[in-house]
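> Right, I'll just put the structure down here and ask away after.
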Amino acid sequence: MITCPQCGQDASEGTRFCERCGQGLSATDPQSPAPSLSPLAAGTVLKGGFEVVELLSQTSIENRYRATREESGNKVAYQLRERVGSSRELEAESSSASNVASDGAQPDAAPVVPDEDPAGPRAKTAELSPPAPSGSDEQPTEQPSPAPEAGEVGQVLLAETAAVEVEPEQSKPAESEPEPAAGVDDLGDAFGRVLALSMTLKHAAFQRAIEGFAADGRVYLVYPDEPFTPLSQRKGGIKMSEAEAINVAIQLCQAVSFLHRRALRLNDICPESIGYGADRRIKVAGLESVSNDNELQADPIFNDGYTAPEIYRARKVDKRADIFSIGALLYTCLTGERLESESWREESGPIRFYPPHVITPALEQVVRRALVFNPEGRWPNVDAMKAELVKLAGAIELRSAAMTDVGMVRELNEDIVMAIDYRRDSQVEPAERHLYVVCDGMGGAEAGEIAAAIAVGAIRNYIEARLDSAPNANLAELLQAALEEANSKIIEYQAAHPEARGMGSTAVGVLAVPPRAAFAWVGDSRAYLLENGELRQLTRDHSLVQRLVEIGQISPEEARHHEHKNVITRSLGARASGAAGAEAKELRLKRGDRLMLCSDGLVAHVDDAQIAEVLRRHQEPAAAARELVVAANAGGGTDNVSVIVVFAD
């Protein structure tokens with residue numbers, strides 16, 4: 001059995017890569033597995049007053065505990081990372097252990113440090129160079145040190161932290177470890193690096209240690225006890241929806257951009273090192289892999305399927321290596337699979353999407369560009385990749401369905417619905433608009449149907465005549481003016497047809513140019529929004545019972561059954577002259593939002609809780625609209641019922 005040194009996952013002998021995190025296992029000798037660090041028992045009290053509560057996880061090189069400490073009379077929870085101590089402590093422990101061994105005791109096994117190879121896998125990235133051809137006297141060409149980027153803190157940030165030393169390009173003999181400052185515990189290179197960076201990189205995306213200490217040959221880092229779920233352990237598997245995968249990648253780009261602006265790289269990006277913290281915000285675990293462009297670290301990270309090819313191929317490494325790793329992680333989140341890299345010694349075949357994976361073409365191109373084998377072909381920087389992902393995250397596709405029915409009592413249907421989804425994909429002049437209107441006519445002898453027909457026609461003509469010439473117009477003002485235009489047209493019709501006096505119509509409409517949207521209304525036809533699973537009414541009825549509710553004379557439930565519930569105070573065509581009193585408001589759509597427009601025939605028999613349940617349950621707007629109409633008829637169907645359902649995907 002082989003244990004992955006990165007995540008602790010067990011694998012059968014001969015396995016080349018860890019199935020959980022992609023760490024290469026080919027060099028692991030199954031006959032000589034890496035020694036595990038024996039965990040401490042619960043109740044053990046450590047330096048600083050930390051008491052071990054439980055072991056959270058264990059790998060071949062590290063233990064993680066939950067611990068508590070008494071502070072101001074309360075027990076505060078923390079998490080501890082534990083590793084073997086620094087070389088000086090190990091030497092002291094070894095000397096002490098040799099004396100004990102003479103009495104028959106067995107000392108703990110010390111980690112075996114292989115001979116350093118200046119061109120081997122333990123060498124700093126800047127020192128790696130392709131081996132010269134056999135029999136050739138050619139020497140590797142040194143790469144010039146890159147100049148610091150404008151606005152960066154500089155490549156010396158790691159050196160300033162006292163945990164990382166910026167090495168020059170050329171190889172040089174190893175120097176002895178510097179002595180720790182008086183009164184400060186020596187945490188060794190890895191934990192010292194992490195603690196120093198934790199004090200420097202103040203970004204919410206990183207798990208940052210708050211202190212560290214050494215005791216009994218072991219070193220510890222202390223973290224707040226906050227939740228962290230690696231993506232590799234995500235409930236339901238690592239494969240996720242495009243929206244969630246894009247959200248993960250955008251947050252990761254933000255964190256990596258924070259490092260890049262300080263001339264640093266993250267290097268270790270894989271499903272085990274990236275996870276969800278509180279409120280499903282991305283957290284980056286372990287800062288020991290952070291480096292600058294001149295140094296990867298003593299042990300380059302080789303996570304097959306996530307590490308950039310140039311690191312394996314002993315080429316100059318820069319920040320574009322992180323772009324590759326972000327793309328590889330995004331590929332895994334979209335497909336549930338790891339890239340078939342086989343250590344990237346040479347360029348592999350094309351990245352596989354379809355079949356079997358169906359990814360939106362624009363998103364697939366973002367991932368493919370991040371995964372280009374040669375760094376020059378990738379995104380020029382992580383901010384450029386993030387900008388494209390943000391654009392995709394903001395892209396909203398609206399799907400709609402409209403339905404109207406005469407109901408179970410009326411002989412005529414005086415409701416009219418209109419749903420227009422217009423989109424022109426063009427590099428030269430792209431355009432998109434969505435217009436949804438429900439009008440509930442009134443007046444009898446077919447006058448109500450005529451009024452509703454005049455209204456929807458006037459609203460459409462007004463919007464189309466003006467939106468093309470002013471695509472950035474204020475949508476709320478435009479839609480409100482369209483309803484007032486419909487009011488004028490109905491008044492004009494009444495003037496020309498005296499027999500139609502008394503006709504009118506309510507109206508509710510939504511005008512959307514995603515993600516911008518607006519809604520406007522006159523009368524008691526309504527608009528609802530289901531947002532994050534919660535339903536809220538966007539409009540406020542222009543009706544007598546609504547006024548009675550507002551002044552506290554009746555309750556909302558009493559209003560549903562009030563004898564004057566059908567008396568409205570505003571409508572299109574109600575006055576011989578003047579405005580109808582339409583109201584309008586702005587709305588910004590997000591993915592997952594669900595809109596519903598309806599006439600009062602629906603809400604007379606279907607309450608808000610039922611509406612919310614139907615909108616949440618259905619995946620197709622047509623199915624939701626159909627059930628709402630059926631539910632209204634089943635409840636009595638005393639009026640015409642009309643519904644438009646819109647899903648923002």
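We label chains A, B, ... in the order they appear in the structure tokens, count residues from 1 in each chain, and number ligands from 1 in the order shown.
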For Thr332 (chain A), list every protein, DNA or RNA residue within 8 Å, evaluated using only C-alpha atoms, and leave out those in the same chain fewer than 6 positions away; present the list as a PDB file with N, CA and C atoms, in the first residue's frame.

```
ATOM      1  N   ILE A 238     -16.613  16.340  -6.916  1.00  0.00           N
ATOM      2  CA  ILE A 238     -15.962  17.594  -7.290  1.00  0.00           C
ATOM      3  C   ILE A 238     -16.594  18.220  -8.520  1.00  0.00           C
ATOM      4  N   LYS A 239     -17.263  17.427  -9.359  1.00  0.00           N
ATOM      5  CA  LYS A 239     -17.898  17.993 -10.549  1.00  0.00           C
ATOM      6  C   LYS A 239     -19.056  18.875 -10.123  1.00  0.00           C
ATOM      7  N   ARG A 338      -9.295  14.548 -13.966  1.00  0.00           N
ATOM      8  CA  ARG A 338      -7.984  15.188 -13.911  1.00  0.00           C
ATOM      9  C   ARG A 338      -7.350  15.127 -15.290  1.00  0.00           C
ATOM     10  N   LEU A 339      -6.606  16.169 -15.656  1.00  0.00           N
ATOM     11  CA  LEU A 339      -5.914  16.154 -16.941  1.00  0.00           C
ATOM     12  C   LEU A 339      -4.969  14.964 -17.026  1.00  0.00           C
TER      13      LEU A 339
END
```
> Give me the residues within 7 Å of region 473-480 of chain A as a CSV table (one decimal) with N, CA and C atoms, in the first residue's frame, counting only C-alpha atoms and dropping any in the same chain fewer than 6 places off.

```csv
chain,number,residue,atom,x,y,z
A,511,LEU,N,-39.2,44.8,-18.8
A,511,LEU,CA,-38.3,45.0,-19.9
A,511,LEU,C,-36.9,44.7,-19.4
A,517,ALA,N,-32.8,45.2,-15.9
A,517,ALA,CA,-34.2,45.0,-16.1
A,517,ALA,C,-35.0,46.0,-15.3
A,518,ALA,N,-36.3,46.2,-15.7
A,518,ALA,CA,-37.2,47.1,-15.0
A,518,ALA,C,-38.6,46.5,-15.1
A,519,PHE,N,-39.4,46.8,-14.1
A,519,PHE,CA,-40.8,46.4,-14.1
A,519,PHE,C,-41.7,47.6,-13.9
A,520,ALA,N,-42.9,47.6,-14.5
A,520,ALA,CA,-43.8,48.7,-14.4
A,520,ALA,C,-45.2,48.2,-14.3
A,582,ALA,N,-48.9,55.2,-13.8
A,582,ALA,CA,-48.1,54.0,-13.8
A,582,ALA,C,-46.8,54.2,-13.0
A,583,GLU,N,-46.4,53.1,-12.3
A,583,GLU,CA,-45.2,53.1,-11.5
A,583,GLU,C,-44.2,52.2,-12.1
A,584,ALA,N,-42.9,52.5,-11.9
A,584,ALA,CA,-41.8,51.6,-12.4
A,584,ALA,C,-40.6,51.6,-11.5
A,585,LYS,N,-39.9,50.5,-11.5
A,585,LYS,CA,-38.6,50.4,-10.7
A,585,LYS,C,-37.6,49.6,-11.5
A,586,GLU,N,-36.3,49.8,-11.1
A,586,GLU,CA,-35.2,49.1,-11.7
A,586,GLU,C,-35.0,47.7,-11.0
```
> Which one is closest to Ala634 (chain A): A:Val409, A:Ile351, A:Val456, A:Ala249? Count only C-alpha atoms.
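Ranked by minimum distance to Ala634 (chain A), first place goes to A:Val409.
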> Excluding Pro224 (chain A) and residues on its chain fewer than 6 positions from it, collect all residues at most 9 Å away from it, counting only C-alpha atoms, and give them as an MDAnalysis selection string.
chainID A and resid 77:80 207:210
> Any chance you could export the current selection's C-alpha atoms as a JSON list (two decimals), in the first residue's frame?

```
[["chain", "number", "residue", "atom", "x", "y", "z"],
["A", 77, "ALA", "CA", -11.00, 26.59, 19.77],
["A", 78, "TYR", "CA", -8.05, 26.50, 17.37],
["A", 79, "GLN", "CA", -6.56, 24.18, 14.79],
["A", 80, "LEU", "CA", -2.94, 23.06, 14.99],
["A", 207, "GLN", "CA", -5.71, 30.25, 5.57],
["A", 208, "ARG", "CA", -3.31, 32.25, 7.70],
["A", 209, "ALA", "CA", -1.52, 31.07, 10.81],
["A", 210, "ILE", "CA", -1.71, 33.39, 13.81]]
```
> Find the residue from A:Lys47, A:Arg570, A:Arg423, A:His562 that sits nearest to Gly523 (chain A); use only C-alpha atoms when measuring.
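With only C-alpha atoms as the atom set, the closest residue is A:Arg570.
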> Any idea what's packed within 10 Å of Arg368 (chain A), counting only C-alpha atoms, ignoring anything in its chain fewer than 6 positions away? Could you give it as a list in words?
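Counting only C-alpha atoms, the residues come to Phe324, Gly327, Ala328, Tyr331, Pro350, Ile351, Arg352, Phe353 and Arg378 of chain A.
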> If you keep C-alpha atoms, can you produce a file of those selected residues as an mmCIF file, in the first residue's frame?

```cif
data_model
loop_
_atom_site.group_PDB
_atom_site.id
_atom_site.type_symbol
_atom_site.label_atom_id
_atom_site.label_comp_id
_atom_site.auth_asym_id
_atom_site.auth_seq_id
_atom_site.Cartn_x
_atom_site.Cartn_y
_atom_site.Cartn_z
ATOM 1 C CA PHE A 324 -2.213 26.757 -16.067
ATOM 2 C CA GLY A 327 -7.265 26.185 -15.729
ATOM 3 C CA ALA A 328 -6.550 22.599 -14.712
ATOM 4 C CA TYR A 331 -11.296 21.634 -15.930
ATOM 5 C CA PRO A 350 -5.630 17.642 -27.121
ATOM 6 C CA ILE A 351 -7.583 18.449 -23.985
ATOM 7 C CA ARG A 352 -10.737 16.336 -24.005
ATOM 8 C CA PHE A 353 -14.134 17.916 -23.526
ATOM 9 C CA ARG A 378 -1.812 31.289 -22.289
#
```
> Return as a PyMOL selection string the full set of residues in region 366-401 of chain A whose backbone-based DSSP assignment is strand (DSSP E or B).
chain A and resi 398-401
> Okay, now the selection with C-alpha atoms, as an mmCIF file, in the first residue's frame?

```cif
data_model
loop_
_atom_site.group_PDB
_atom_site.id
_atom_site.type_symbol
_atom_site.label_atom_id
_atom_site.label_comp_id
_atom_site.auth_asym_id
_atom_site.auth_seq_id
_atom_site.Cartn_x
_atom_site.Cartn_y
_atom_site.Cartn_z
ATOM 1 C CA LEU A 398 -33.630 34.323 -20.154
ATOM 2 C CA ARG A 399 -36.141 31.558 -20.860
ATOM 3 C CA SER A 400 -39.841 32.370 -20.752
ATOM 4 C CA ALA A 401 -43.280 30.839 -21.104
#
```
> I'd like the neighbourhood of Lys391 (chain A) as a CSV table (one decimal) with C-alpha atoms, in the first residue's frame, where a residue qualifies if any of its atoms comes within 12 Å (using only C-alpha atoms), though same-chain residues fewer than 6 positions away should be ignored.

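Below you can see around_10.csv, which holds the result:
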```
chain,number,residue,atom,x,y,z
A,243,ALA,CA,-22.0,28.7,-12.6
A,246,ILE,CA,-16.8,29.8,-12.7
A,247,ASN,CA,-17.4,31.2,-9.2
A,250,ILE,CA,-13.0,33.8,-10.2
A,362,ALA,CA,-17.1,30.3,-24.6
A,363,LEU,CA,-16.1,28.8,-21.3
A,366,VAL,CA,-11.2,30.1,-21.6
A,384,ALA,CA,-7.2,38.9,-18.1
A,385,MET,CA,-8.4,35.4,-17.4
A,515,PRO,CA,-28.5,41.9,-16.5
```
> Looking at only C-alpha atoms, which of A:Gly502, A:Gly578, A:Gly592, A:Gly637 is the one that sits closest to Glu534 (chain A)?
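Comparing A:Gly502, A:Gly578, A:Gly592, A:Gly637 against Glu534 (chain A), the winner is A:Gly592.
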> Any idea what's packed within 10 Å of Tyr493 (chain A), counting only C-alpha atoms, ignoring anything in its chain fewer than 4 positions away? Could you give it as a ChimeraX atom specification?
/A:450-451,454,488-489,497-498,500-501,503,573
> Taking C-alpha atoms for each residue, export the selection above as a tab-separated table (two decimals), in the first residue's frame.

```tsv
chain	number	residue	atom	x	y	z
A	450	ILE	CA	-60.03	45.50	-27.10
A	451	ALA	CA	-58.51	47.69	-24.41
A	454	ILE	CA	-54.55	48.21	-27.67
A	488	SER	CA	-53.25	57.57	-24.34
A	489	LYS	CA	-54.05	55.11	-27.13
A	497	HIS	CA	-65.85	54.98	-30.39
A	498	PRO	CA	-68.29	56.41	-27.81
A	500	ALA	CA	-66.53	51.80	-25.83
A	501	ARG	CA	-66.43	54.39	-23.04
A	503	MET	CA	-63.23	50.29	-21.22
A	573	GLY	CA	-58.01	54.38	-19.97
```
> Counting only C-alpha atoms, give me one row per residue of region 223-279 of chain A with an atom at most 12 Å from an atom of region 56-62 of chain A, showing the shortest contact pair and its distance in Å to one decimal, sorted by chain then residue number, as a tab-separated table.

```
residue	atom	partner	partner_atom	distance
A:Asp225	CA	A:Leu56	CA	11.4
A:Pro227	CA	A:Leu56	CA	11.6
A:Phe228	CA	A:Leu56	CA	11.4
```
> Output C-alpha atoms of each residue in that selection to a file, as a compact mmCIF listing (two decimals), in the first residue's frame.

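For reference, result_2.txt as written:
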```txt
# COMPACT_ATOMS: atom_id res chain seq x y z
CA ASP A 225 -10.87 27.04 14.12
CA PRO A 227 -14.30 25.35 8.54
CA PHE A 228 -12.41 24.20 5.47
```
> CA of Tyr223 (chain A) and CA of Val184 (chain A), how far apart in Å?
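So the two atoms, CA of Val184 (chain A) and CA of Tyr223 (chain A), lie 18.2 Å apart.
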> Just how far from CA of Asp10 (chain A) is CA of Val219 (chain A), in Å to one decimal?
25.3 Å
> I need the residues in region 316-407 of chain A that are alpha helix (DSSP H) according to DSSP; give them as a PyMOL selection string.
chain A and resi 320-335+361-370+382-394
> List the spatial neighbours of region 543-554 of chain A as a VMD selection string - criterion: any atom at most 7 Å away, only C-alpha atoms, same-chain residues fewer than 5 positions off excluded.
chain A and resid 523 to 524 559 564 to 565 567 to 569
